file structure-v3.json (JSON, C-alpha atoms)
[["chain", "number", "residue", "atom", "x", "y", "z"],
["A", 29, "MET", "CA", 26.97, -24.01, -205.08],
["A", 30, "GLN", "CA", 27.05, -21.57, -208.00],
["A", 31, "ASP", "CA", 23.66, -22.86, -209.19],
["A", 32, "ILE", "CA", 22.18, -22.24, -205.73],
["A", 33, "GLU", "CA", 23.53, -18.68, -205.68],
["A", 34, "ARG", "CA", 22.20, -18.08, -209.22],
["A", 35, "LEU", "CA", 18.74, -19.37, -208.24],
["A", 36, "GLN", "CA", 18.73, -17.23, -205.11],
["A", 37, "ASN", "CA", 19.63, -14.16, -207.13],
["A", 38, "GLU", "CA", 16.90, -14.90, -209.68],
["A", 39, "LEU", "CA", 14.34, -15.47, -206.91],
["A", 40, "ALA", "CA", 15.30, -12.18, -205.28],
["A", 41, "ALA", "CA", 14.92, -10.38, -208.62],
["A", 42, "VAL", "CA", 11.47, -11.93, -209.16],
["A", 43, "GLU", "CA", 10.33, -10.96, -205.65],
["A", 44, "THR", "CA", 11.54, -7.40, -206.18],
["A", 45, "ALA", "CA", 9.81, -7.21, -209.55],
["A", 46, "LEU", "CA", 6.56, -8.65, -208.20],
["A", 47, "SER", "CA", 6.42, -6.12, -205.37],
["A", 48, "THR", "CA", 7.14, -3.27, -207.78],
["A", 49, "PHE", "CA", 4.81, -4.48, -210.54],
["A", 50, "ASN", "CA", 1.90, -4.38, -208.09],
["A", 51, "GLU", "CA", 2.45, -0.64, -207.76],
["A", 52, "GLU", "CA", 1.06, 1.73, -210.37],
["A", 53, "PRO", "CA", 3.95, 2.89, -212.62],
["A", 54, "VAL", "CA", 4.32, 6.48, -213.72],
["A", 55, "VAL", "CA", 2.34, 6.29, -216.95],
["A", 56, "VAL", "CA", 3.36, 8.25, -220.04],
["A", 57, "SER", "CA", 0.40, 9.15, -222.27],
["A", 58, "SER", "CA", 1.69, 7.38, -225.40],
["A", 59, "LEU", "CA", 4.52, 5.31, -226.84],
["A", 60, "SER", "CA", 5.56, 8.31, -228.94],
["A", 61, "ASP", "CA", 5.89, 10.54, -225.86],
["A", 62, "TYR", "CA", 7.85, 7.79, -224.11],
["A", 63, "LEU", "CA", 10.26, 7.43, -227.04],
["A", 64, "ILE", "CA", 10.70, 11.17, -227.42],
["A", 65, "ASN", "CA", 11.57, 11.47, -223.72],
["A", 66, "LEU", "CA", 14.13, 8.68, -224.06],
["A", 67, "ALA", "CA", 15.57, 10.23, -227.23],
["A", 68, "ALA", "CA", 15.96, 13.54, -225.40],
["A", 69, "ASP", "CA", 18.02, 11.70, -222.76],
["A", 70, "GLY", "CA", 20.12, 9.95, -225.41],
["A", 71, "LYS", "CA", 18.67, 6.54, -224.56],
["A", 72, "ALA", "CA", 16.73, 5.95, -227.79],
["A", 73, "GLU", "CA", 17.15, 6.41, -231.53],
["A", 74, "ILE", "CA", 14.09, 7.11, -233.72],
["A", 75, "SER", "CA", 14.31, 6.89, -237.52],
["A", 76, "ASP", "CA", 12.23, 8.84, -240.04],
["A", 77, "ASN", "CA", 9.93, 5.83, -240.56],
["A", 78, "ASN", "CA", 9.29, 5.66, -236.76],
["A", 79, "ALA", "CA", 11.48, 2.57, -236.21],
["A", 80, "PHE", "CA", 13.30, 2.78, -232.89],
["A", 81, "LYS", "CA", 16.10, 1.35, -230.76],
["A", 82, "ILE", "CA", 16.18, 1.67, -226.96],
["A", 83, "ASN", "CA", 19.30, 1.30, -224.81],
["A", 84, "ALA", "CA", 21.39, -0.18, -227.64],
["A", 85, "GLU", "CA", 24.55, 0.21, -225.56],
["A", 86, "TYR", "CA", 23.12, -2.07, -222.88],
["A", 87, "TYR", "CA", 22.52, -4.78, -225.51],
["A", 88, "PHE", "CA", 26.17, -4.72, -226.59],
["A", 89, "SER", "CA", 27.36, -4.65, -222.98],
["A", 90, "LEU", "CA", 25.91, -8.14, -222.43],
["A", 91, "GLU", "CA", 27.76, -11.26, -223.49],
["A", 92, "SER", "CA", 25.82, -13.15, -226.17],
["A", 93, "SER", "CA", 25.48, -16.07, -223.75],
["A", 94, "ASP", "CA", 23.95, -13.74, -221.14],
["A", 95, "ARG", "CA", 21.16, -12.36, -223.34],
["A", 96, "HIS", "CA", 17.52, -13.41, -223.06],
["A", 97, "PHE", "CA", 15.09, -12.38, -225.86],
["A", 98, "GLU", "CA", 11.32, -11.90, -225.96],
["A", 99, "SER", "CA", 9.08, -10.32, -228.61],
["A", 100, "MET", "CA", 5.59, -8.81, -228.45],
["A", 101, "THR", "CA", 3.24, -6.29, -230.08],
["A", 102, "LEU", "CA", 3.85, -2.55, -229.94],
["A", 103, "GLU", "CA", 0.88, -2.05, -227.63],
["A", 104, "GLN", "CA", 2.03, -4.68, -225.16],
["A", 105, "ALA", "CA", 5.68, -3.55, -225.41],
["A", 106, "PHE", "CA", 4.79, -0.03, -224.26],
["A", 107, "ASP", "CA", 3.18, -1.44, -221.11],
["A", 108, "VAL", "CA", 6.09, -3.81, -220.43],
["A", 109, "MET", "CA", 8.65, -1.01, -220.87],
["A", 110, "GLN", "CA", 6.96, 1.05, -218.17],
["A", 111, "LYS", "CA", 6.78, -1.94, -215.82],
["A", 112, "LEU", "CA", 10.48, -2.68, -216.29],
["A", 113, "ASP", "CA", 11.37, 0.99, -215.74],
["A", 114, "SER", "CA", 9.27, 1.03, -212.59],
["A", 115, "ALA", "CA", 11.04, -2.12, -211.32],
["A", 116, "GLY", "CA", 14.47, -0.71, -212.15],
["A", 117, "ILE", "CA", 15.28, -3.54, -214.57],
["A", 118, "ALA", "CA", 17.67, -2.71, -217.41],
["A", 119, "PHE", "CA", 16.62, -3.74, -220.91],
["A", 120, "SER", "CA", 17.20, -3.10, -224.59],
["A", 121, "ALA", "CA", 14.46, -3.03, -227.23],
["A", 122, "VAL", "CA", 14.19, -2.64, -231.00],
["A", 123, "SER", "CA", 11.15, -2.34, -233.26],
["A", 124, "ARG", "CA", 10.73, -4.86, -236.08],
["A", 125, "SER", "CA", 9.22, -4.58, -239.54],
["A", 126, "ASP", "CA", 6.25, -6.80, -238.51],
["A", 127, "ASP", "CA", 5.04, -4.17, -235.99],
["A", 128, "LYS", "CA", 6.50, -6.12, -233.08],
["A", 129, "VAL", "CA", 9.21, -5.27, -230.58],
["A", 130, "SER", "CA", 12.15, -7.47, -229.51],
["A", 131, "PHE", "CA", 13.29, -7.14, -225.89],
["A", 132, "THR", "CA", 16.68, -8.15, -224.47],
["A", 133, "VAL", "CA", 17.49, -8.53, -220.78],
["A", 134, "ALA", "CA", 20.27, -10.19, -218.86],
["A", 135, "LYS", "CA", 19.66, -13.85, -218.05],
["A", 136, "LYS", "CA", 19.31, -12.96, -214.36],
["A", 137, "ASP", "CA", 16.29, -10.75, -215.25],
["A", 138, "GLU", "CA", 14.56, -13.33, -217.46],
["A", 139, "ALA", "CA", 12.00, -14.28, -214.82],
["A", 140, "ALA", "CA", 11.24, -10.63, -214.04],
["A", 141, "LEU", "CA", 10.68, -9.87, -217.73],
["A", 142, "LYS", "CA", 8.30, -12.82, -218.03],
["A", 143, "THR", "CA", 6.44, -11.59, -214.96],
["A", 144, "ALA", "CA", 5.99, -8.18, -216.59],
["A", 145, "ILE", "CA", 4.83, -9.81, -219.83],
["A", 146, "GLY", "CA", 2.36, -11.99, -217.95],
["A", 147, "LYS", "CA", 0.81, -9.01, -216.18],
["A", 148, "SER", "CA", 0.63, -7.14, -219.47],
["A", 149, "VAL", "CA", -1.06, -10.09, -221.20],
["A", 150, "ASP", "CA", -3.64, -10.25, -218.41],
["A", 151, "LYS", "CA", -4.28, -6.52, -218.70],
["A", 152, "TYR", "CA", -4.96, -6.58, -222.44],
["A", 153, "ALA", "CA", -6.90, -9.84, -222.29],
["A", 154, "GLN", "CA", -9.34, -8.15, -219.91],
["A", 155, "LYS", "CA", -9.66, -5.21, -222.27],
["A", 156, "ARG", "CA", -10.41, -7.43, -225.25],
["A", 157, "GLU", "CA", -13.08, -9.31, -223.32],
["A", 158, "SER", "CA", -15.12, -6.14, -222.94],
["A", 159, "ALA", "CA", -14.48, -4.75, -226.43],
["A", 160, "GLN", "CA", -12.52, -5.67, -229.54],
["A", 161, "GLN", "CA", -9.77, -3.11, -229.77],
["A", 162, "GLU", "CA", -7.62, -2.05, -232.68],
["A", 163, "GLN", "CA", -3.91, -1.63, -232.16],
["A", 164, "THR", "CA", -3.01, 2.01, -231.71],
["A", 165, "VAL", "CA", -0.50, 3.42, -234.15],
["A", 166, "TYR", "CA", 1.38, 6.48, -232.99],
["A", 167, "GLN", "CA", 2.80, 8.77, -235.65],
["A", 168, "THR", "CA", 5.52, 11.31, -234.98],
["A", 169, "VAL", "CA", 6.72, 14.20, -237.12],
["A", 170, "ASN", "CA", 10.29, 15.50, -236.83],
["A", 171, "PRO", "CA", 11.03, 13.81, -233.47],
["A", 172, "SER", "CA", 14.71, 14.71, -233.80],
["A", 173, "TYR", "CA", 13.78, 18.42, -233.71],
["A", 174, "TYR", "CA", 11.85, 17.86, -230.47],
["A", 175, "ALA", "CA", 14.89, 16.10, -228.99],
["A", 176, "SER", "CA", 17.13, 18.99, -230.03],
["A", 177, "LEU", "CA", 15.13, 21.48, -227.93],
["A", 178, "SER", "CA", 15.74, 21.80, -224.21],
["A", 179, "ASP", "CA", 12.74, 21.40, -221.89],
["A", 180, "ASP", "CA", 12.57, 25.12, -221.16],
["A", 181, "ASN", "CA", 12.67, 25.97, -224.88],
["A", 182, "ARG", "CA", 9.65, 23.89, -225.92],
["A", 183, "VAL", "CA", 6.17, 25.32, -226.48],
["A", 184, "THR", "CA", 3.60, 22.58, -227.13],
["A", 185, "THR", "CA", 0.01, 23.11, -228.25],
["A", 186, "VAL", "CA", -2.64, 20.41, -228.71],
["A", 187, "GLU", "CA", -4.92, 20.78, -231.74],
["A", 188, "ALA", "CA", -7.59, 18.68, -233.44],
["A", 189, "SER", "CA", -5.83, 16.52, -236.03],
["A", 190, "GLN", "CA", -7.33, 18.17, -239.14],
["A", 191, "ILE", "CA", -6.58, 21.67, -237.84],
["A", 192, "GLY", "CA", -3.10, 20.57, -236.81],
["A", 193, "ILE", "CA", -2.35, 19.20, -240.28],
["A", 194, "ALA", "CA", -3.37, 22.52, -241.86],
["A", 195, "ILE", "CA", -1.21, 24.42, -239.37],
["A", 196, "MET", "CA", 1.81, 22.18, -240.05],
["A", 197, "LYS", "CA", 1.40, 22.73, -243.80],
["A", 198, "ARG", "CA", 1.53, 26.50, -243.22],
["A", 199, "MET", "CA", 4.54, 26.04, -240.93],
["A", 200, "GLU", "CA", 6.38, 24.13, -243.65],
["A", 201, "ASP", "CA", 5.54, 26.81, -246.23],
["A", 202, "ALA", "CA", 6.95, 29.43, -243.84],
["A", 203, "LYS", "CA", 10.12, 27.34, -243.28],
["A", 204, "LEU", "CA", 9.41, 27.22, -239.53],
["A", 205, "PRO", "CA", 10.68, 24.06, -237.76],
["A", 206, "PHE", "CA", 8.33, 22.02, -235.55],
["A", 207, "SER", "CA", 7.76, 18.56, -234.11],
["A", 208, "ALA", "CA", 4.45, 16.76, -233.67],
["A", 209, "VAL", "CA", 2.89, 13.66, -232.17],
["A", 210, "PHE", "CA", -0.51, 12.36, -233.34],
["A", 211, "ARG", "CA", -2.38, 11.13, -230.28],
["A", 212, "GLN", "CA", -4.95, 8.39, -229.80],
["A", 213, "ASN", "CA", -7.92, 10.73, -229.33],
["A", 214, "ASP", "CA", -7.71, 12.35, -232.79],
["A", 215, "ASN", "CA", -5.53, 15.18, -231.51],
["A", 216, "VAL", "CA", -2.02, 16.24, -232.42],
["A", 217, "ALA", "CA", 0.53, 17.88, -230.10],
["A", 218, "ILE", "CA", 2.70, 20.39, -232.00],
["A", 219, "THR", "CA", 5.95, 21.65, -230.48],
["A", 220, "VAL", "CA", 7.93, 24.73, -231.54],
["A", 221, "SER", "CA", 10.75, 26.71, -229.96],
["A", 222, "LYS", "CA", 9.98, 29.74, -227.82],
["A", 223, "ASP", "CA", 11.36, 31.98, -230.56],
["A", 224, "ASN", "CA", 8.74, 30.65, -233.00],
["A", 225, "ALA", "CA", 5.81, 30.50, -230.56],
["A", 226, "GLN", "CA", 4.37, 33.85, -231.69],
["A", 227, "ALA", "CA", 4.63, 32.91, -235.38],
["A", 228, "TYR", "CA", 2.88, 29.61, -234.60],
["A", 229, "ALA", "CA", 0.07, 31.42, -232.77],
["A", 230, "LYS", "CA", -0.56, 33.70, -235.77],
["A", 231, "ILE", "CA", -0.64, 30.77, -238.21],
["A", 232, "ALA", "CA", -2.95, 28.77, -235.94],
["A", 233, "GLU", "CA", -5.34, 31.72, -235.59],
["A", 234, "SER", "CA", -5.42, 32.21, -239.36],
["A", 235, "VAL", "CA", -6.14, 28.52, -240.00],
["A", 236, "LYS", "CA", -8.89, 28.42, -237.39],
["A", 237, "ASN", "CA", -10.58, 31.57, -238.74],
["A", 238, "VAL", "CA", -10.72, 30.11, -242.27],
["A", 239, "ARG", "CA", -11.90, 26.76, -240.96],
["A", 240, "ALA", "CA", -14.57, 28.29, -238.71],
["A", 241, "ASP", "CA", -16.15, 29.95, -241.73],
["A", 242, "LYS", "CA", -16.01, 26.79, -243.85],
["A", 243, "TYR", "CA", -16.90, 24.12, -241.28],
["A", 244, "ILE", "CA", -19.88, 24.58, -238.99],
["A", 245, "ASN", "CA", -20.19, 22.34, -235.90],
["A", 246, "PRO", "CA", -17.74, 19.66, -237.14],
["A", 247, "GLU", "CA", -17.80, 18.08, -233.64],
["A", 248, "PHE", "CA", -21.48, 17.22, -234.10],
["A", 249, "TYR", "CA", -20.71, 15.45, -237.39],
["A", 250, "LYS", "CA", -17.90, 13.41, -235.82],
["A", 251, "ALA", "CA", -19.99, 12.40, -232.81],
["A", 252, "LEU", "CA", -22.98, 11.32, -234.89],
["A", 253, "PRO", "CA", -22.74, 7.66, -236.07],
["A", 254, "LYS", "CA", -22.65, 7.30, -239.85],
["A", 255, "ALA", "CA", -25.88, 5.28, -239.87],
["A", 256, "LEU", "CA", -27.73, 8.17, -238.18],
["A", 257, "ARG", "CA", -26.54, 10.96, -240.52],
["A", 258, "ILE", "CA", -28.74, 12.60, -243.14],
["A", 259, "THR", "CA", -26.83, 14.93, -245.47],
["A", 260, "GLN", "CA", -28.21, 17.11, -248.25],
["A", 261, "GLN", "CA", -26.02, 18.90, -250.78],
["A", 262, "MET", "CA", -27.01, 22.38, -251.94],
["A", 263, "PRO", "CA", -25.57, 25.75, -253.07],
["A", 264, "GLU", "CA", -23.72, 27.66, -250.36],
["A", 265, "GLN", "CA", -26.32, 30.44, -250.22],
["A", 266, "ASP", "CA", -29.07, 27.91, -249.46],
["A", 267, "ALA", "CA", -26.85, 26.11, -246.94],
["A", 268, "ARG", "CA", -26.18, 29.32, -245.01],
["A", 269, "LYS", "CA", -29.90, 30.15, -244.93],
["A", 270, "LEU", "CA", -30.73, 26.65, -243.75],
["A", 271, "THR", "CA", -28.11, 26.61, -240.99],
["A", 272, "ALA", "CA", -29.43, 29.94, -239.71],
["A", 273, "THR", "CA", -32.94, 28.47, -239.60],
["A", 274, "LEU", "CA", -31.73, 25.32, -237.84],
["A", 275, "GLU", "CA", -29.93, 27.47, -235.29],
["A", 276, "GLN", "CA", -33.16, 29.36, -234.58],
["A", 277, "LYS", "CA", -35.12, 26.11, -234.22],
["A", 278, "GLY", "CA", -32.49, 24.59, -231.95],
["A", 279, "ILE", "CA", -31.91, 21.62, -234.28],
["A", 280, "PRO", "CA", -28.39, 20.14, -233.94],
["A", 281, "HIS", "CA", -26.56, 20.19, -237.26],
["A", 282, "SER", "CA", -23.24, 20.33, -239.07],
["A", 283, "ALA", "CA", -22.34, 21.94, -242.38],
["A", 284, "ILE", "CA", -19.54, 22.54, -244.84],
["A", 285, "MET", "CA", -19.55, 25.67, -246.96],
["A", 286, "ASP", "CA", -17.92, 24.98, -250.32],
["A", 287, "GLY", "CA", -19.73, 26.87, -253.07],
["A", 288, "LYS", "CA", -22.12, 24.70, -255.08],
["A", 289, "ASN", "CA", -20.83, 21.63, -253.22],
["A", 290, "SER", "CA", -21.96, 22.85, -249.79],
["A", 291, "ALA", "CA", -23.81, 20.35, -247.58],
["A", 292, "VAL", "CA", -25.82, 20.24, -244.36],
["A", 293, "THR", "CA", -26.04, 17.22, -242.03],
["A", 294, "VAL", "CA", -28.59, 16.44, -239.32],
["A", 295, "SER", "CA", -29.64, 13.40, -237.36],
["A", 296, "LYS", "CA", -32.21, 11.10, -239.01],
["A", 297, "LYS", "CA", -34.72, 11.90, -236.29],
["A", 298, "ASP", "CA", -34.58, 15.59, -237.28],
["A", 299, "GLU", "CA", -34.74, 15.05, -241.07],
["A", 300, "LYS", "CA", -38.30, 16.28, -241.60],
["A", 301, "ARG", "CA", -37.95, 19.26, -239.25],
["A", 302, "ALA", "CA", -34.66, 20.28, -240.87],
["A", 303, "PHE", "CA", -35.21, 19.79, -244.58],
["A", 304, "PHE", "CA", -38.98, 20.13, -245.06],
["A", 305, "THR", "CA", -40.60, 23.55, -244.68],
["A", 306, "ARG", "CA", -44.37, 24.02, -244.47],
["A", 307, "ASP", "CA", -44.48, 25.01, -248.13],
["A", 308, "SER", "CA", -42.50, 21.94, -249.22],
["A", 309, "LEU", "CA", -44.68, 19.65, -247.08],
["A", 310, "LYS", "CA", -47.79, 21.27, -248.61],
["A", 311, "ARG", "CA", -46.43, 20.73, -252.12],
["A", 312, "SER", "CA", -45.58, 17.10, -251.28],
["A", 313, "ALA", "CA", -49.10, 16.56, -249.96],
["A", 314, "GLN", "CA", -50.56, 18.10, -253.12],
["A", 315, "ARG", "CA", -48.41, 15.83, -255.32],
["A", 316, "ILE", "CA", -49.47, 12.75, -253.37],
["A", 317, "GLY", "CA", -53.12, 13.82, -253.51],
["A", 318, "GLN", "CA", -52.96, 14.45, -257.25],
["A", 319, "LYS", "CA", -51.24, 11.09, -257.82],
["A", 320, "GLY", "CA", -54.06, 9.37, -255.91],
["A", 321, "LYS", "CA", -56.71, 11.11, -258.01],
["A", 322, "ASN", "CA", -54.97, 10.14, -261.24],
["A", 323, "GLU", "CA", -54.82, 6.50, -260.18],
["A", 324, "GLN", "CA", -58.54, 6.49, -259.26],
["A", 325, "GLN", "CA", -59.46, 8.10, -262.58],
["A", 326, "LYS", "CA", -57.34, 5.54, -264.44],
["A", 327, "LYS", "CA", -59.14, 2.66, -262.67],
["A", 328, "LYS", "CA", -62.53, 4.11, -263.55],
["A", 329, "GLN", "CA", -61.57, 4.39, -267.22],
["A", 330, "GLN", "CA", -60.36, 0.78, -267.21],
["A", 331, "GLY", "CA", -63.67, -0.28, -265.69],
["A", 332, "LEU", "CA", -65.64, 1.38, -268.48],
["A", 333, "GLU", "CA", -63.67, -0.35, -271.23]]

call {"tool": "encode", "arguments": {"input": "structure-v3.json", "output": "structure tokens"}}
result
Amino acid sequence: MQDIERLQNELAAVETALSTFNEEPVVVSSLSDYLINLAADGKAEISDNNAFKINAEYYFSLESSDRHFESMTLEQAFDVMQKLDSAGIAFSAVSRSDDKVSFTVAKKDEAALKTAIGKSVDKYAQKRESAQQEQTVYQTVNPSYYASLSDDNRVTTVEASQIGIAIMKRMEDAKLPFSAVFRQNDNVAITVSKDNAQAYAKIAESVKNVRADKYINPEFYKALPKALRITQQMPEQDARKLTATLEQKGIPHSAIMDGKNSAVTVSKKDEKRAFFTRDSLKRSAQRIGQKGKNEQQKKKQQGLE
């Protein structure tokens, strides 16, 4: 009789999970954002090396005989966590040193957890069929500071990663607290308190002004595949003259101004238009012509011997 009741309860849980899993869950943009939200609610602990525990109290509330364990990759775990949340199924999770996550649910939710895992496996299998994907690693900076701020006291700005790193370095030098999350698309979200928002804005403006003068069209460089880049190093004065000329000609380019180590990059298809002026082409033609004459003269002399 007890076995029948247990099976009925498990079947009901599976049916509830299946109906909920078919709905689109509320998706958080990244595992880091998800963990930070949980930490703010006191449901997660995040260490300095980004290890985490979720709902540890729930784990200890279960009898050892009533615990069911599963493990999976970080990427898959993030998807499963959202599915379980959407289905209203309690769980505990802890990150491991091998970049995997261990899940714990009550025995009655074992089937529902496996259903979530199965759907997650199908999802990522389909992704890998179309393209080989690398596992995303999410890096957080000072997550405990983020958690210490109330929602209405957070000011978050998204910056390109390289700019964000420079801003954070200035923030550290100024002894201004902040939190940050590096996102998948080469951006970083930096959070400060409202009291420090103005100081952040001044630092960010200063960093961007310096960078704008040193780096020209960095987006073009990033978007251009390495195999299609042609880069020439030259003194900064020549690089600035060349970039001005390229701008006038409408030739896409990128440049870094760094004294004698300055450099200009264009696409391979624009190499001749970018780096060869009429005078240089004329000199090249003269050199080739002279080389041909010398070779002909040499052959004639060999024929006379």

call {"tool": "closest_residue", "arguments": {"input": "structure-v3.json", "among": "A:Gly146, A:Tyr87, A:Ile195, A:Ala68", "to": "Ala105 of chain A", "atoms": "all atoms listed in the file"}}
result
A:Gly146

call {"tool": "closest_residue", "arguments": {"input": "structure-v3.json", "among": "A:Asp180, A:Glu247, A:Ala188, A:Met262", "to": "Lys222 of chain A", "atoms": "all atoms listed in the file"}}
result
A:Asp180

call {"tool": "atom_distance", "arguments": {"input": "structure-v3.json", "atom1": "atom CA of Ile279 of chain A", "atom2": "atom CA of Ala302 of chain A"}}
result
7.3 Å

call {"tool": "residues_around", "arguments": {"input": "structure-v3.json", "residues": "Arg211 of chain A", "least_positions_apart": "2", "cutoff": "8 Å", "atoms": "only C-alpha atoms", "output": "ChimeraX atom specification"}}
result
/A:58,166-167,209,213-217

call {"tool": "atom_distance", "arguments": {"input": "structure-v3.json", "atom1": "atom CA of Tyr243 of chain A", "atom2": "atom CA of Phe206 of chain A"}}
result
26.0 Å
